[in-house]
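Undergrad: One structure coming up, written as structure tokens, with questions to follow.
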Amino acid sequence: MVDTTPLTRAVEHFADKLRAAPQSRLQRGAAAEALGLARELARWAQAVEEPGTESREMPDAGMFAVADQITVAGNDLAVVLENEAEVGDAVRLVEEAQKRAGV
């Protein structure tokens, strides 16, 4: 069993920062960055779970939902990751997106 705790912690940390961010920060790009991350994590999980299927895109549910969207996508991905290297790659994606979001 792979320890995905670092991924779930990184996702929870980013989600908490988004929830605490002012609306103006979300509007200036933090929400768009988070949605992009959620979509990337969801595509990755889908590719592992359903290889060869057409990729579905996570909908834009609005700037106040992106924290929940990255949480769901990150937790879905954590369930299907197969090794520590993948966990490390996913954590880096989350941390880089958080830096770009400025939260």
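Residue numbers start at 1 in each chain; chains themselves are named A, B, ... in the order of the structure tokens; ligands are numbered from 1 in the order shown.
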Any idea what's packed within 7 Å of stretch 70-86 of chain A, counting only C-alpha atoms, ignoring anything in its chain fewer than 5 positions away? Could you give it as a list of chain:residue names?

TA: A:Val2, A:Thr4, A:Leu7, A:Thr8, A:Val11, A:Glu12, A:Ala15, A:Ala34, A:Leu37, A:Ala38, A:Leu41, A:Ala42, A:Ala45, A:Val48

Undergrad: Tell me which protein, DNA and RNA residues are within 10 Å of A:Pro59, counting only C-alpha atoms, leaving out same-chain ones fewer than 2 positions away, and put them as a PyMOL selection string.

TA: chain A and resi 35+38-39+56-57+61-62+69

Undergrad: Pull N, CA, C and O atoms from the residues just selected and write them as a PDB file, in the first residue's frame.

TA:
ATOM      1  N   LEU A  35      -8.693  25.559 -10.261  1.00  0.00           N
ATOM      2  CA  LEU A  35      -9.525  24.765 -11.168  1.00  0.00           C
ATOM      3  C   LEU A  35      -8.653  24.006 -12.154  1.00  0.00           C
ATOM      4  O   LEU A  35      -8.907  22.828 -12.427  1.00  0.00           O
ATOM      5  N   ALA A  38      -7.322  21.058 -10.280  1.00  0.00           N
ATOM      6  CA  ALA A  38      -8.365  20.052 -10.061  1.00  0.00           C
ATOM      7  C   ALA A  38      -8.608  19.255 -11.337  1.00  0.00           C
ATOM      8  O   ALA A  38      -8.736  18.021 -11.300  1.00  0.00           O
ATOM      9  N   ARG A  39      -8.660  19.938 -12.462  1.00  0.00           N
ATOM     10  CA  ARG A  39      -8.863  19.247 -13.745  1.00  0.00           C
ATOM     11  C   ARG A  39      -7.703  18.317 -14.062  1.00  0.00           C
ATOM     12  O   ARG A  39      -7.904  17.194 -14.551  1.00  0.00           O
ATOM     13  N   ARG A  56     -12.770  13.208 -19.497  1.00  0.00           N
ATOM     14  CA  ARG A  56     -13.864  14.108 -19.155  1.00  0.00           C
ATOM     15  C   ARG A  56     -13.271  15.308 -18.421  1.00  0.00           C
ATOM     16  O   ARG A  56     -12.259  15.173 -17.739  1.00  0.00           O
ATOM     17  N   GLU A  57     -13.894  16.464 -18.559  1.00  0.00           N
ATOM     18  CA  GLU A  57     -13.371  17.652 -17.904  1.00  0.00           C
ATOM     19  C   GLU A  57     -14.238  18.042 -16.719  1.00  0.00           C
ATOM     20  O   GLU A  57     -15.461  18.101 -16.822  1.00  0.00           O
ATOM     21  N   ALA A  61     -17.314  25.149 -11.427  1.00  0.00           N
ATOM     22  CA  ALA A  61     -18.432  25.324 -10.502  1.00  0.00           C
ATOM     23  C   ALA A  61     -18.367  26.673  -9.783  1.00  0.00           C
ATOM     24  O   ALA A  61     -19.126  26.909  -8.853  1.00  0.00           O
ATOM     25  N   GLY A  62     -17.469  27.534 -10.208  1.00  0.00           N
ATOM     26  CA  GLY A  62     -17.357  28.860  -9.612  1.00  0.00           C
ATOM     27  C   GLY A  62     -16.205  28.966  -8.643  1.00  0.00           C
ATOM     28  O   GLY A  62     -15.709  27.976  -8.121  1.00  0.00           O
ATOM     29  N   GLN A  69     -13.265  21.325  -5.109  1.00  0.00           N
ATOM     30  CA  GLN A  69     -12.920  20.583  -6.319  1.00  0.00           C
ATOM     31  C   GLN A  69     -11.511  20.012  -6.253  1.00  0.00           C
ATOM     32  O   GLN A  69     -11.290  18.874  -6.645  1.00  0.00           O
TER      33      GLN A  69
END

Undergrad: Restricting the calculation to only C-alpha atoms: of A:Met58, A:Val87, A:Ser24, A:Met1, which residue gets closest to A:Gly36?

TA: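 Among the listed residues, the smallest separation from A:Gly36 belongs to A:Met58.
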
Undergrad: Choose the residue, out of A:Glu40, A:Glu50, A:Glu33, A:Glu96, that has the smallest atom-to-atom separation from A:Ala10; count only C-alpha atoms.

TA: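 Closest to A:Ala10, using only C-alpha atoms: A:Glu96.
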
Undergrad: Ranking A:Glu54, A:Gln27, A:Ala65, A:Trp44 by minimum distance to A:Ala90 and counting only C-alpha atoms, which one comes first?

TA: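 Answer, going by the shortest atom-to-atom distance: A:Trp44.
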
Undergrad: Could you state the separation of atom CA of A:Met63 and atom CA of A:Ala32 in Å, given to one decimal place?

TA: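 Between these atoms lies a distance of 7.6 Å.
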
Undergrad: To one decimal in Å, tell me the separation between atom CA of A:Gln46 and atom CA of A:Val103.

TA: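 So the answer is 27.3 Å.
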
Undergrad: Taking 4 positions as the minimum chain separation for residues in the same chain, which residues sit within 8 Å of stretch 16-21 of chain A when counting only C-alpha atoms? Answer as a ChimeraX atom specification.

TA: /A:12,25-26,30-31,64,66-67,103
